[in-house]
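Peer 1: One file: work34.cif (mmCIF, C-alpha atoms and all ligand atoms).
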```cif
data_protein
#
loop_
_atom_site.label_atom_id
_atom_site.label_comp_id
_atom_site.auth_asym_id
_atom_site.auth_seq_id
_atom_site.Cartn_x
_atom_site.Cartn_y
_atom_site.Cartn_z
CA MET J 1 -1.34 -7.51 1.06
CA GLN J 2 -0.39 -8.39 -2.48
CA ASN J 3 2.11 -6.25 -4.32
CA THR J 4 0.25 -3.04 -5.17
CA THR J 5 2.98 -1.11 -6.94
CA GLN J 6 2.01 -2.77 -10.21
CA ALA J 7 -1.72 -2.69 -9.53
CA SER J 8 -3.68 -1.46 -12.51
CA LEU J 9 -7.02 -1.79 -14.19
CA GLN J 10 -7.07 -1.04 -17.88
CA ALA J 11 -9.91 -0.81 -20.37
CA HIS J 12 -8.72 -1.15 -23.95
CA ASP J 13 -11.27 -0.01 -26.51
CA LEU J 14 -13.84 -1.95 -24.53
CA VAL J 15 -17.22 -2.68 -26.14
CA LYS J 16 -20.19 -4.61 -24.75
CA ARG J 17 -23.42 -5.14 -26.64
CA TYR J 18 -26.51 -6.91 -25.38
CA GLY J 19 -28.51 -7.57 -28.55
CA THR J 20 -29.25 -4.13 -29.95
CA VAL J 21 -28.22 -2.30 -26.74
CA THR J 22 -24.66 -1.00 -26.67
CA ALA J 23 -23.91 -0.79 -22.95
CA VAL J 24 -20.20 0.03 -23.33
CA ASP J 25 -19.04 1.77 -26.47
CA GLY J 26 -15.27 1.92 -26.98
CA LEU J 27 -14.01 2.74 -23.48
CA SER J 28 -10.27 3.17 -22.87
CA PHE J 29 -8.83 4.23 -19.52
CA GLN J 30 -6.38 3.16 -16.84
CA VAL J 31 -6.95 3.20 -13.08
CA ARG J 32 -3.94 3.72 -10.81
CA PRO J 33 -3.18 2.56 -7.25
CA GLY J 34 -2.74 4.77 -4.18
CA ILE J 35 -5.72 7.04 -4.88
CA VAL J 36 -9.50 6.71 -4.80
CA THR J 37 -10.90 6.75 -8.33
CA GLY J 38 -14.58 7.53 -8.79
CA PHE J 39 -16.43 5.94 -11.68
CA LEU J 40 -19.23 8.38 -12.37
CA GLY J 41 -22.15 8.27 -14.76
CA PRO J 42 -25.94 8.55 -14.72
CA ASN J 43 -28.13 5.46 -14.37
CA GLY J 44 -27.66 3.14 -17.32
CA ALA J 45 -24.34 4.76 -18.36
CA GLY J 46 -22.56 1.41 -18.45
CA LYS J 47 -20.68 1.49 -15.13
CA SER J 48 -21.78 -1.90 -13.78
CA THR J 49 -21.24 -3.56 -17.15
CA THR J 50 -17.68 -2.21 -17.28
CA LEU J 51 -16.95 -3.36 -13.72
CA ARG J 52 -18.38 -6.81 -14.49
CA MET J 53 -16.00 -7.13 -17.43
CA PHE J 54 -12.99 -6.38 -15.20
CA LEU J 55 -14.22 -9.16 -12.92
CA GLY J 56 -14.67 -11.67 -15.71
CA LEU J 57 -18.45 -11.81 -15.08
CA ASP J 58 -19.25 -10.48 -18.54
CA LYS J 59 -17.33 -11.09 -21.73
CA PRO J 60 -16.44 -8.03 -23.83
CA THR J 61 -17.95 -7.97 -27.33
CA SER J 62 -14.58 -6.52 -28.36
CA GLY J 63 -11.58 -4.92 -26.70
CA ALA J 64 -10.29 -6.00 -23.29
CA ALA J 65 -10.58 -5.24 -19.57
CA THR J 66 -7.34 -6.21 -17.85
CA VAL J 67 -6.24 -6.56 -14.23
CA ASN J 68 -2.52 -5.98 -13.72
CA GLY J 69 -2.10 -6.46 -17.47
CA HIS J 70 -3.95 -9.81 -17.55
CA ARG J 71 -7.47 -11.00 -18.09
CA LEU J 72 -8.87 -12.13 -14.76
CA HIS J 73 -9.02 -15.85 -15.61
CA GLU J 74 -5.27 -15.77 -16.31
CA LEU J 75 -4.50 -14.84 -12.68
CA PRO J 76 -3.59 -17.80 -10.41
CA HIS J 77 -5.22 -16.41 -7.21
CA PRO J 78 -7.72 -13.78 -8.36
CA MET J 79 -9.25 -13.24 -4.90
CA ARG J 80 -5.87 -12.14 -3.56
CA VAL J 81 -5.44 -9.68 -6.43
CA ILE J 82 -8.88 -8.15 -6.80
CA GLY J 83 -11.95 -7.95 -4.58
CA ALA J 84 -15.32 -6.51 -5.45
CA MET J 85 -18.73 -5.66 -4.13
CA LEU J 86 -21.21 -5.44 -6.96
CA ASP J 87 -24.59 -6.19 -5.40
CA ALA J 88 -24.71 -6.17 -1.62
CA ARG J 89 -28.04 -8.03 -1.62
CA ALA J 90 -26.49 -11.05 -3.34
CA VAL J 91 -26.05 -13.07 -0.13
CA HIS J 92 -27.98 -16.19 0.86
CA PRO J 93 -30.53 -14.90 3.41
CA ARG J 94 -30.30 -17.88 5.77
CA ARG J 95 -26.53 -17.94 5.86
CA THR J 96 -24.81 -16.16 8.74
CA ALA J 97 -22.21 -13.51 7.99
CA VAL J 98 -19.44 -15.71 9.35
CA ASP J 99 -20.54 -18.75 7.29
CA HIS J 100 -20.82 -16.63 4.15
CA LEU J 101 -17.31 -15.24 4.58
CA ALA J 102 -15.88 -18.64 5.52
CA SER J 103 -17.23 -20.21 2.34
CA VAL J 104 -15.87 -17.35 0.21
CA ALA J 105 -12.49 -17.69 1.94
CA ARG J 106 -12.46 -21.45 1.32
CA ALA J 107 -13.30 -21.02 -2.36
CA GLY J 108 -10.52 -18.48 -2.79
CA GLY J 109 -7.84 -20.39 -0.87
CA VAL J 110 -7.76 -17.71 1.83
CA PRO J 111 -6.90 -18.69 5.46
CA ARG J 112 -9.99 -19.01 7.72
CA GLY J 113 -8.45 -16.57 10.21
CA ARG J 114 -9.06 -13.73 7.81
CA VAL J 115 -12.85 -14.02 8.39
CA GLY J 116 -12.65 -12.57 11.90
CA GLU J 117 -10.33 -9.81 10.72
CA VAL J 118 -12.64 -8.56 7.99
CA LEU J 119 -15.73 -8.80 10.22
CA GLU J 120 -13.87 -6.60 12.71
CA LEU J 121 -12.75 -4.24 9.96
CA VAL J 122 -16.29 -3.58 8.72
CA GLY J 123 -17.83 -3.40 12.19
CA LEU J 124 -19.91 -6.59 11.91
CA ALA J 125 -18.16 -8.69 14.60
CA GLU J 126 -21.22 -8.47 16.90
CA ALA J 127 -23.59 -9.55 14.13
CA ALA J 128 -21.36 -12.35 12.80
CA SER J 129 -23.71 -15.19 13.80
CA ARG J 130 -26.91 -13.61 12.54
CA PRO J 131 -28.40 -14.67 9.19
CA ALA J 132 -27.67 -12.13 6.47
CA GLY J 133 -31.39 -12.10 5.59
CA ASP J 134 -32.00 -10.17 8.85
CA PHE J 135 -29.44 -7.51 7.97
CA SER J 136 -30.39 -3.95 7.03
CA LEU J 137 -29.20 -2.77 3.62
CA GLY J 138 -26.38 -0.88 5.36
CA MET J 139 -25.24 -4.07 7.10
CA LYS J 140 -25.42 -5.96 3.82
CA GLN J 141 -23.21 -3.28 2.29
CA ARG J 142 -20.71 -3.84 5.10
CA LEU J 143 -20.84 -7.60 4.56
CA GLY J 144 -20.32 -7.01 0.81
CA ILE J 145 -17.27 -4.87 1.59
CA ALA J 146 -15.95 -7.57 3.96
CA THR J 147 -16.37 -10.14 1.18
CA ALA J 148 -14.44 -7.92 -1.22
CA LEU J 149 -11.59 -7.58 1.27
CA ILE J 150 -11.33 -11.23 2.35
CA GLY J 151 -8.36 -12.02 0.10
CA ASP J 152 -6.53 -8.84 1.21
CA PRO J 153 -6.45 -7.75 -2.43
CA GLY J 154 -4.37 -4.91 -3.88
CA ILE J 155 -7.34 -3.87 -6.05
CA VAL J 156 -10.85 -3.19 -4.78
CA ILE J 157 -13.95 -2.36 -6.79
CA PHE J 158 -17.17 -1.19 -5.17
CA ASP J 159 -20.34 -0.64 -7.21
CA GLU J 160 -22.47 2.07 -5.56
CA PRO J 161 -21.04 1.31 -2.08
CA LEU J 162 -22.81 4.21 -0.37
CA ASN J 163 -26.34 3.21 -1.43
CA GLY J 164 -28.48 2.39 1.57
CA LEU J 165 -25.97 3.59 4.15
CA ASP J 166 -27.01 6.06 6.84
CA PRO J 167 -24.88 9.21 7.30
CA GLU J 168 -22.58 7.49 9.80
CA GLY J 169 -22.22 4.52 7.43
CA ILE J 170 -21.41 6.85 4.54
CA ARG J 171 -18.67 8.54 6.58
CA TRP J 172 -17.32 5.12 7.53
CA ALA J 173 -17.29 3.81 3.94
CA ARG J 174 -15.59 6.99 2.71
CA SER J 175 -12.84 6.79 5.29
CA LEU J 176 -12.38 3.07 4.62
CA MET J 177 -11.89 3.76 0.89
CA ARG J 178 -9.41 6.50 1.70
CA GLU J 179 -7.50 4.19 4.08
CA LEU J 180 -7.38 1.39 1.51
CA ALA J 181 -5.95 3.84 -1.03
CA ALA J 182 -3.47 5.23 1.50
CA GLU J 183 -2.19 1.68 1.99
CA GLY J 184 -1.29 1.74 -1.70
CA ARG J 185 -4.26 -0.22 -3.01
CA LEU J 186 -6.15 0.59 -6.17
CA VAL J 187 -9.67 1.71 -5.21
CA LEU J 188 -12.37 2.14 -7.85
CA PHE J 189 -15.94 2.89 -6.83
CA SER J 190 -18.96 3.78 -8.88
CA SER J 191 -21.75 6.21 -8.18
CA HIS J 192 -24.36 8.16 -10.10
CA LEU J 193 -24.16 11.00 -7.55
CA MET J 194 -21.63 13.76 -8.10
CA GLY J 195 -21.94 14.98 -4.51
CA GLU J 196 -20.69 11.63 -3.20
CA MET J 197 -17.79 11.64 -5.61
CA GLN J 198 -16.77 15.16 -4.68
CA LEU J 199 -16.25 14.14 -1.06
CA THR J 200 -14.47 10.86 -1.67
CA ALA J 201 -12.62 10.62 -4.98
CA ASP J 202 -9.19 11.96 -5.94
CA HIS J 203 -9.66 11.14 -9.60
CA LEU J 204 -12.73 10.79 -11.78
CA ILE J 205 -13.62 8.65 -14.75
CA VAL J 206 -16.91 9.93 -16.13
CA ILE J 207 -18.97 7.99 -18.65
CA ASN J 208 -22.35 8.24 -20.33
CA HIS J 209 -23.89 6.00 -22.98
CA GLY J 210 -20.88 3.73 -22.52
CA ARG J 211 -18.48 6.43 -23.69
CA LEU J 212 -15.75 8.30 -21.85
CA LEU J 213 -16.59 11.93 -21.02
CA ALA J 214 -13.73 12.74 -18.64
CA ASP J 215 -10.68 11.09 -17.07
CA GLN J 216 -9.01 13.63 -14.82
CA PRO J 217 -8.19 14.60 -11.23
CA LEU J 218 -11.25 15.76 -9.28
CA ASP J 219 -9.79 19.27 -8.84
CA ALA J 220 -9.23 19.66 -12.57
CA PHE J 221 -12.75 18.38 -13.27
CA ILE J 222 -14.20 20.93 -10.86
CA ALA J 223 -12.12 23.76 -12.34
CA SER J 224 -13.06 22.94 -15.91
CA HIS J 225 -16.73 22.12 -15.42
CA THR J 226 -18.12 24.65 -12.98
CA ASN J 227 -18.96 28.25 -13.77
CA GLU J 228 -18.43 31.18 -11.48
CA TYR J 229 -20.33 34.43 -11.95
CA VAL J 230 -21.39 37.56 -10.10
CA ARG J 231 -25.09 38.10 -9.50
CA VAL J 232 -26.08 41.70 -8.94
CA ARG J 233 -29.52 43.12 -8.05
CA THR J 234 -30.04 46.75 -8.88
CA PRO J 235 -32.96 49.13 -9.55
CA HIS J 236 -30.78 50.65 -12.31
CA ALA J 237 -30.17 47.54 -14.41
CA ASP J 238 -29.91 49.42 -17.75
CA VAL J 239 -27.32 51.89 -16.44
CA LEU J 240 -25.25 49.17 -14.79
CA ARG J 241 -25.47 46.82 -17.79
CA ASP J 242 -24.09 49.53 -20.09
CA ALA J 243 -21.29 50.41 -17.65
CA LEU J 244 -20.26 46.78 -17.21
CA ARG J 245 -20.27 46.20 -20.97
CA ARG J 246 -18.17 49.35 -21.52
CA ALA J 247 -15.69 47.79 -19.07
CA GLY J 248 -15.51 44.75 -21.37
CA LEU J 249 -17.50 42.37 -19.15
CA LEU J 250 -19.99 39.78 -20.36
CA VAL J 251 -23.43 40.63 -18.93
CA ARG J 252 -26.80 38.97 -19.32
CA ALA J 253 -30.17 39.46 -17.67
CA ASP J 254 -31.38 36.89 -15.19
CA ALA J 255 -33.99 34.61 -16.83
CA ASP J 256 -36.63 35.41 -14.18
CA ARG J 257 -35.96 38.95 -12.97
CA THR J 258 -35.34 42.18 -14.84
CA ASP J 259 -33.56 43.78 -11.85
CA VAL J 260 -30.89 41.05 -11.69
CA LEU J 261 -27.80 40.93 -13.91
CA ILE J 262 -25.43 37.99 -14.32
CA VAL J 263 -21.81 39.02 -14.91
CA SER J 264 -19.24 36.48 -16.10
CA GLY J 265 -15.48 36.69 -15.60
CA ALA J 266 -15.69 39.36 -12.91
CA THR J 267 -15.10 39.71 -9.18
CA THR J 268 -17.61 41.23 -6.75
CA GLU J 269 -15.06 44.02 -6.12
CA SER J 270 -14.82 44.99 -9.80
CA VAL J 271 -18.60 44.94 -10.27
CA GLY J 272 -19.04 46.99 -7.06
CA ARG J 273 -16.54 49.60 -8.24
CA ILE J 274 -18.09 49.90 -11.71
CA ALA J 275 -21.55 50.23 -10.12
CA ALA J 276 -20.35 53.00 -7.80
CA ALA J 277 -18.72 54.89 -10.68
CA SER J 278 -21.86 54.58 -12.83
CA GLY J 279 -24.15 55.80 -10.06
CA ALA J 280 -26.24 52.58 -10.11
CA GLU J 281 -27.49 51.56 -6.68
CA VAL J 282 -26.75 47.96 -5.71
CA PHE J 283 -29.03 46.03 -3.38
CA GLU J 284 -27.33 42.64 -3.65
CA LEU J 285 -23.95 41.48 -4.94
CA THR J 286 -23.00 37.79 -4.78
CA LEU J 287 -20.32 35.50 -6.19
CA VAL J 288 -22.08 32.31 -7.32
CA ARG J 289 -20.52 28.99 -8.29
CA ASP J 290 -22.60 26.30 -10.03
CA SER J 291 -22.61 23.11 -8.03
CA LEU J 292 -20.68 20.19 -9.42
CA GLU J 293 -23.96 18.27 -9.55
CA ASP J 294 -25.32 20.97 -11.93
CA ALA J 295 -22.15 20.79 -14.04
CA PHE J 296 -22.33 17.01 -14.22
CA LEU J 297 -26.01 17.07 -15.17
CA ALA J 298 -25.35 19.74 -17.82
CA MET J 299 -22.43 17.70 -19.17
CA THR J 300 -24.40 14.47 -19.45
CA THR J 301 -27.44 16.28 -20.90
CA ILE J 302 -25.33 17.93 -23.62
CA GLU J 303 -23.84 14.53 -24.39
CA GLN J 304 -27.32 13.00 -24.51
CA LYS J 305 -28.52 15.61 -27.03
CA ALA J 306 -25.43 15.10 -29.16
CA ALA J 307 -25.91 11.32 -29.18
N1 LIG J 401 -27.66 -8.35 -18.99
C1 LIG J 401 -28.13 -7.33 -19.71
N2 LIG J 401 -28.95 -7.53 -20.75
C2 LIG J 401 -29.43 -6.51 -21.50
N3 LIG J 401 -29.10 -5.21 -21.29
C3 LIG J 401 -28.29 -4.93 -20.26
C4 LIG J 401 -27.75 -5.96 -19.42
N4 LIG J 401 -26.96 -5.38 -18.49
C5 LIG J 401 -27.00 -4.04 -18.73
N5 LIG J 401 -27.80 -3.78 -19.80
C6 LIG J 401 -28.07 -2.45 -20.37
O1 LIG J 401 -26.83 -1.81 -20.59
C7 LIG J 401 -26.90 -0.43 -20.25
C8 LIG J 401 -25.85 -0.09 -19.20
O2 LIG J 401 -26.24 -0.70 -17.96
P1 LIG J 401 -25.33 -0.65 -16.65
O3 LIG J 401 -26.07 -1.43 -15.60
O4 LIG J 401 -23.97 -1.07 -16.99
O5 LIG J 401 -25.34 0.88 -16.29
P2 LIG J 401 -24.93 1.61 -14.94
O6 LIG J 401 -24.17 2.81 -15.33
O7 LIG J 401 -24.28 0.64 -14.03
O8 LIG J 401 -26.32 2.05 -14.37
P3 LIG J 401 -26.89 1.96 -12.86
O9 LIG J 401 -26.27 3.10 -12.11
O10 LIG J 401 -28.37 2.16 -13.10
O11 LIG J 401 -26.54 0.59 -12.35
C9 LIG J 401 -28.32 -0.16 -19.83
O12 LIG J 401 -29.04 0.31 -20.95
C10 LIG J 401 -28.81 -1.53 -19.42
O13 LIG J 401 -30.21 -1.63 -19.59
#
```
Since I need it in another form, could you write the structure as structure tokens?
Peer 2:
Amino acid sequence: MQNTTQASLQAHDLVKRYGTVTAVDGLSFQVRPGIVTGFLGPNGAGKSTTLRMFLGLDKPTSGAATVNGHRLHELPHPMRVIGAMLDARAVHPRRTAVDHLASVARAGGVPRGRVGEVLELVGLAEAASRPAGDFSLGMKQRLGIATALIGDPGIVIFDEPLNGLDPEGIRWARSLMRELAAEGRLVLFSSHLMGEMQLTADHLIVINHGRLLADQPLDAFIASHTNEYVRVRTPHADVLRDALRRAGLLVRADADRTDVLIVSGATTESVGRIAAASGAEVFELTLVRDSLEDAFLAMTTIEQKAA
């Protein structure tokens, strides 16, 4: 493997316009090696465009996307530095997996022996002589990942790598990304699904409308973007609401039910004690945490309204 200690991807005030459409709008961030970084944003947020600029497939309108401090075309052996899977379907349908990988290896100056290794690594050794056109989408994803890894690069980029994979394939792709990061490589993968990110990424870069919304460790993102509250069902909502408010707690009625109160900044124990002291009967008492998917949707919707 290439030296990964210096591996970095950096976006410097990156802008990409297609005619009147601004796909990427002043993005700056740095991706580090040794961890899995998730690139998250709703459809059309500008993820693929950003990844294409790192790979030299699209030219920035302004700013720069650098790989180890250089633009890709300045690197002498790019395939040994960075590997990517952007569109798994982009394989000639009549070409076999082994022929496809051999031609990529040849073009990148990579020894032919590496073909067998990557086929083994992605679990396609048995299907190596079949034309890629006969592959399921999941198998095409595996072939795309093999192609990305052929040069044994220190940096790997996967655009929506879990699309089309069955549950076993998703588990496999997740553990592969984690292994690649554990080996010290830089791993950046995009998705529009928060749930996928939550299970795989250590760090998140979140964008919408081509702009940066968050660049932080997953744990910090979860802590700062999900709400926790106590939901309490009671036939004495008025009595309990007054008692909770007297205790300094923030209480609101549930949007749909008059017998349900939503209490922020409290524990179930404190709400239970206040209810007992006030004489209000409690039929249900639950600690609820918004899902990260909800938080992400709320975040991108707020951003959309502000835009
Ligand atoms: N070649 C192009 N010509 C014109 N507009 C483009 C081109 N490529 C992307 N766009 C536009 O730029 C915006 C960002 O697209 P991009 O594909 O980068 O988003 P994305 O976050 O990858 O979305 P998805 O998850 O749907 O792939 C979209 O409005 C898209 O229509």
Peer 1: One decimal, Å: what's the distance from atom CA of Gly195 of chain J over to atom CA of Asp294 of chain J, could you say?
Peer 2: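 If I compute the distance from atom CA of Gly195 of chain J to atom CA of Asp294 of chain J, I get 10.1 Å.
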Peer 1: Could the residues that lie within 10 Å of ligand LIG 401 (chain J), counting all atoms listed in the file, be listed as a ChimeraX atom specification?
Peer 2: /J:16-24,39-52,58,86-87,159-160,190-193,207-210
Peer 1: One decimal, Å: what's the distance from atom CA of Val110 of chain J over to atom CA of Phe135 of chain J, could you say?
Peer 2: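 So the answer is 24.7 Å.
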Peer 1: I want to know what sits within 7 Å of segment 213-229 of chain J, based on all atoms listed in the file, with residues of the same chain fewer than 2 positions away left out; could you give that as JSON, numbers by chain?
Peer 2: {"J": [201, 202, 203, 204, 205, 206, 207, 208, 211, 231, 262, 263, 264, 265, 266, 287, 288, 289, 290, 291, 292, 295]}
Peer 1: Return the padded bounding box of segment 279-293 of chain J as lines of an AutoDock Vina configuration file: axis-aligned, built from all atoms listed in the file, 4 Å added on each side, with centre and edge lengths in Å to one decimal.
Peer 2:
```
center_x = -24.7
center_y = 37.0
center_z = -6.7
size_x = 16.7
size_y = 45.5
size_z = 14.7
```
Peer 1: Extract segment 56-88 of chain J from the structure I just pasted (atoms: N, CA and C atoms) and return it as a PDB file, in the first residue's frame.
Peer 2:
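Output file part16.pdb follows:
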```pdb
ATOM      1  N   GLY J  56     -10.677  14.431 -10.726  1.00  0.00           N
ATOM      2  CA  GLY J  56     -10.271  15.075 -11.979  1.00  0.00           C
ATOM      3  C   GLY J  56     -11.243  14.824 -13.120  1.00  0.00           C
ATOM      4  N   LEU J  57     -12.477  14.360 -12.811  1.00  0.00           N
ATOM      5  CA  LEU J  57     -13.451  14.076 -13.870  1.00  0.00           C
ATOM      6  C   LEU J  57     -14.303  15.299 -14.186  1.00  0.00           C
ATOM      7  N   ASP J  58     -14.266  16.272 -13.312  1.00  0.00           N
ATOM      8  CA  ASP J  58     -14.964  17.541 -13.501  1.00  0.00           C
ATOM      9  C   ASP J  58     -14.014  18.631 -13.065  1.00  0.00           C
ATOM     10  N   LYS J  59     -14.071  19.762 -13.750  1.00  0.00           N
ATOM     11  CA  LYS J  59     -13.145  20.844 -13.441  1.00  0.00           C
ATOM     12  C   LYS J  59     -13.882  21.855 -12.557  1.00  0.00           C
ATOM     13  N   PRO J  60     -13.306  22.241 -11.418  1.00  0.00           N
ATOM     14  CA  PRO J  60     -13.988  23.236 -10.590  1.00  0.00           C
ATOM     15  C   PRO J  60     -14.173  24.552 -11.350  1.00  0.00           C
ATOM     16  N   THR J  61     -15.295  25.223 -11.111  1.00  0.00           N
ATOM     17  CA  THR J  61     -15.487  26.569 -11.664  1.00  0.00           C
ATOM     18  C   THR J  61     -14.516  27.518 -10.963  1.00  0.00           C
ATOM     19  N   SER J  62     -14.385  27.326  -9.635  1.00  0.00           N
ATOM     20  CA  SER J  62     -13.331  28.022  -8.882  1.00  0.00           C
ATOM     21  C   SER J  62     -12.989  27.191  -7.655  1.00  0.00           C
ATOM     22  N   GLY J  63     -11.911  27.557  -6.985  1.00  0.00           N
ATOM     23  CA  GLY J  63     -11.450  26.771  -5.843  1.00  0.00           C
ATOM     24  C   GLY J  63     -10.706  25.533  -6.317  1.00  0.00           C
ATOM     25  N   ALA J  64     -10.406  24.626  -5.388  1.00  0.00           N
ATOM     26  CA  ALA J  64      -9.633  23.433  -5.770  1.00  0.00           C
ATOM     27  C   ALA J  64     -10.034  22.231  -4.922  1.00  0.00           C
ATOM     28  N   ALA J  65      -9.895  21.047  -5.545  1.00  0.00           N
ATOM     29  CA  ALA J  65     -10.092  19.774  -4.836  1.00  0.00           C
ATOM     30  C   ALA J  65      -8.763  19.048  -4.935  1.00  0.00           C
ATOM     31  N   THR J  66      -8.057  18.879  -3.823  1.00  0.00           N
ATOM     32  CA  THR J  66      -6.723  18.303  -3.904  1.00  0.00           C
ATOM     33  C   THR J  66      -6.629  16.933  -3.227  1.00  0.00           C
ATOM     34  N   VAL J  67      -5.712  16.131  -3.766  1.00  0.00           N
ATOM     35  CA  VAL J  67      -5.428  14.787  -3.271  1.00  0.00           C
ATOM     36  C   VAL J  67      -3.987  14.813  -2.767  1.00  0.00           C
ATOM     37  N   ASN J  68      -3.806  14.572  -1.504  1.00  0.00           N
ATOM     38  CA  ASN J  68      -2.465  14.671  -0.891  1.00  0.00           C
ATOM     39  C   ASN J  68      -1.795  16.007  -1.243  1.00  0.00           C
ATOM     40  N   GLY J  69      -2.582  17.055  -1.268  1.00  0.00           N
ATOM     41  CA  GLY J  69      -2.036  18.397  -1.519  1.00  0.00           C
ATOM     42  C   GLY J  69      -1.843  18.744  -2.979  1.00  0.00           C
ATOM     43  N   HIS J  70      -2.189  17.802  -3.892  1.00  0.00           N
ATOM     44  CA  HIS J  70      -1.987  18.064  -5.324  1.00  0.00           C
ATOM     45  C   HIS J  70      -3.285  17.863  -6.085  1.00  0.00           C
ATOM     46  N   ARG J  71      -3.375  18.504  -7.237  1.00  0.00           N
ATOM     47  CA  ARG J  71      -4.476  18.169  -8.136  1.00  0.00           C
ATOM     48  C   ARG J  71      -4.148  16.805  -8.733  1.00  0.00           C
ATOM     49  N   LEU J  72      -5.197  16.039  -9.034  1.00  0.00           N
ATOM     50  CA  LEU J  72      -4.970  14.648  -9.432  1.00  0.00           C
ATOM     51  C   LEU J  72      -4.005  14.497 -10.612  1.00  0.00           C
ATOM     52  N   HIS J  73      -4.128  15.373 -11.623  1.00  0.00           N
ATOM     53  CA  HIS J  73      -3.297  15.209 -12.818  1.00  0.00           C
ATOM     54  C   HIS J  73      -1.815  15.471 -12.527  1.00  0.00           C
ATOM     55  N   GLU J  74      -1.518  16.035 -11.345  1.00  0.00           N
ATOM     56  CA  GLU J  74      -0.109  16.267 -10.992  1.00  0.00           C
ATOM     57  C   GLU J  74       0.542  15.010 -10.376  1.00  0.00           C
ATOM     58  N   LEU J  75      -0.290  14.006 -10.054  1.00  0.00           N
ATOM     59  CA  LEU J  75       0.256  12.804  -9.406  1.00  0.00           C
ATOM     60  C   LEU J  75       0.817  11.848 -10.464  1.00  0.00           C
ATOM     61  N   PRO J  76       2.023  11.291 -10.258  1.00  0.00           N
ATOM     62  CA  PRO J  76       2.624  10.416 -11.275  1.00  0.00           C
ATOM     63  C   PRO J  76       1.875   9.091 -11.463  1.00  0.00           C
ATOM     64  N   HIS J  77       1.382   8.472 -10.381  1.00  0.00           N
ATOM     65  CA  HIS J  77       0.672   7.186 -10.511  1.00  0.00           C
ATOM     66  C   HIS J  77      -0.649   7.279  -9.766  1.00  0.00           C
ATOM     67  N   PRO J  78      -1.621   8.016 -10.337  1.00  0.00           N
ATOM     68  CA  PRO J  78      -2.854   8.285  -9.587  1.00  0.00           C
ATOM     69  C   PRO J  78      -3.559   7.033  -9.076  1.00  0.00           C
ATOM     70  N   MET J  79      -3.552   5.940  -9.887  1.00  0.00           N
ATOM     71  CA  MET J  79      -4.293   4.744  -9.484  1.00  0.00           C
ATOM     72  C   MET J  79      -3.725   4.094  -8.228  1.00  0.00           C
ATOM     73  N   ARG J  80      -2.445   4.383  -7.951  1.00  0.00           N
ATOM     74  CA  ARG J  80      -1.843   3.819  -6.732  1.00  0.00           C
ATOM     75  C   ARG J  80      -2.064   4.729  -5.533  1.00  0.00           C
ATOM     76  N   VAL J  81      -2.578   5.933  -5.804  1.00  0.00           N
ATOM     77  CA  VAL J  81      -2.824   6.889  -4.714  1.00  0.00           C
ATOM     78  C   VAL J  81      -4.298   6.896  -4.334  1.00  0.00           C
ATOM     79  N   ILE J  82      -5.151   6.887  -5.360  1.00  0.00           N
ATOM     80  CA  ILE J  82      -6.584   7.037  -5.105  1.00  0.00           C
ATOM     81  C   ILE J  82      -7.372   6.088  -5.998  1.00  0.00           C
ATOM     82  N   GLY J  83      -8.370   5.442  -5.415  1.00  0.00           N
ATOM     83  CA  GLY J  83      -9.242   4.554  -6.188  1.00  0.00           C
ATOM     84  C   GLY J  83     -10.675   4.936  -5.893  1.00  0.00           C
ATOM     85  N   ALA J  84     -11.544   4.770  -6.903  1.00  0.00           N
ATOM     86  CA  ALA J  84     -12.917   5.207  -6.687  1.00  0.00           C
ATOM     87  C   ALA J  84     -13.910   4.306  -7.389  1.00  0.00           C
ATOM     88  N   MET J  85     -15.093   4.213  -6.780  1.00  0.00           N
ATOM     89  CA  MET J  85     -16.233   3.633  -7.476  1.00  0.00           C
ATOM     90  C   MET J  85     -17.320   4.699  -7.514  1.00  0.00           C
ATOM     91  N   LEU J  86     -17.589   5.197  -8.697  1.00  0.00           N
ATOM     92  CA  LEU J  86     -18.632   6.221  -8.810  1.00  0.00           C
ATOM     93  C   LEU J  86     -19.938   5.606  -9.292  1.00  0.00           C
ATOM     94  N   ASP J  87     -19.900   4.920 -10.425  1.00  0.00           N
ATOM     95  CA  ASP J  87     -21.115   4.303 -10.942  1.00  0.00           C
ATOM     96  C   ASP J  87     -20.811   2.850 -11.267  1.00  0.00           C
ATOM     97  N   ALA J  88     -21.361   1.968 -10.432  1.00  0.00           N
ATOM     98  CA  ALA J  88     -21.046   0.539 -10.565  1.00  0.00           C
ATOM     99  C   ALA J  88     -21.511  -0.034 -11.897  1.00  0.00           C
TER     100      ALA J  88
END
```
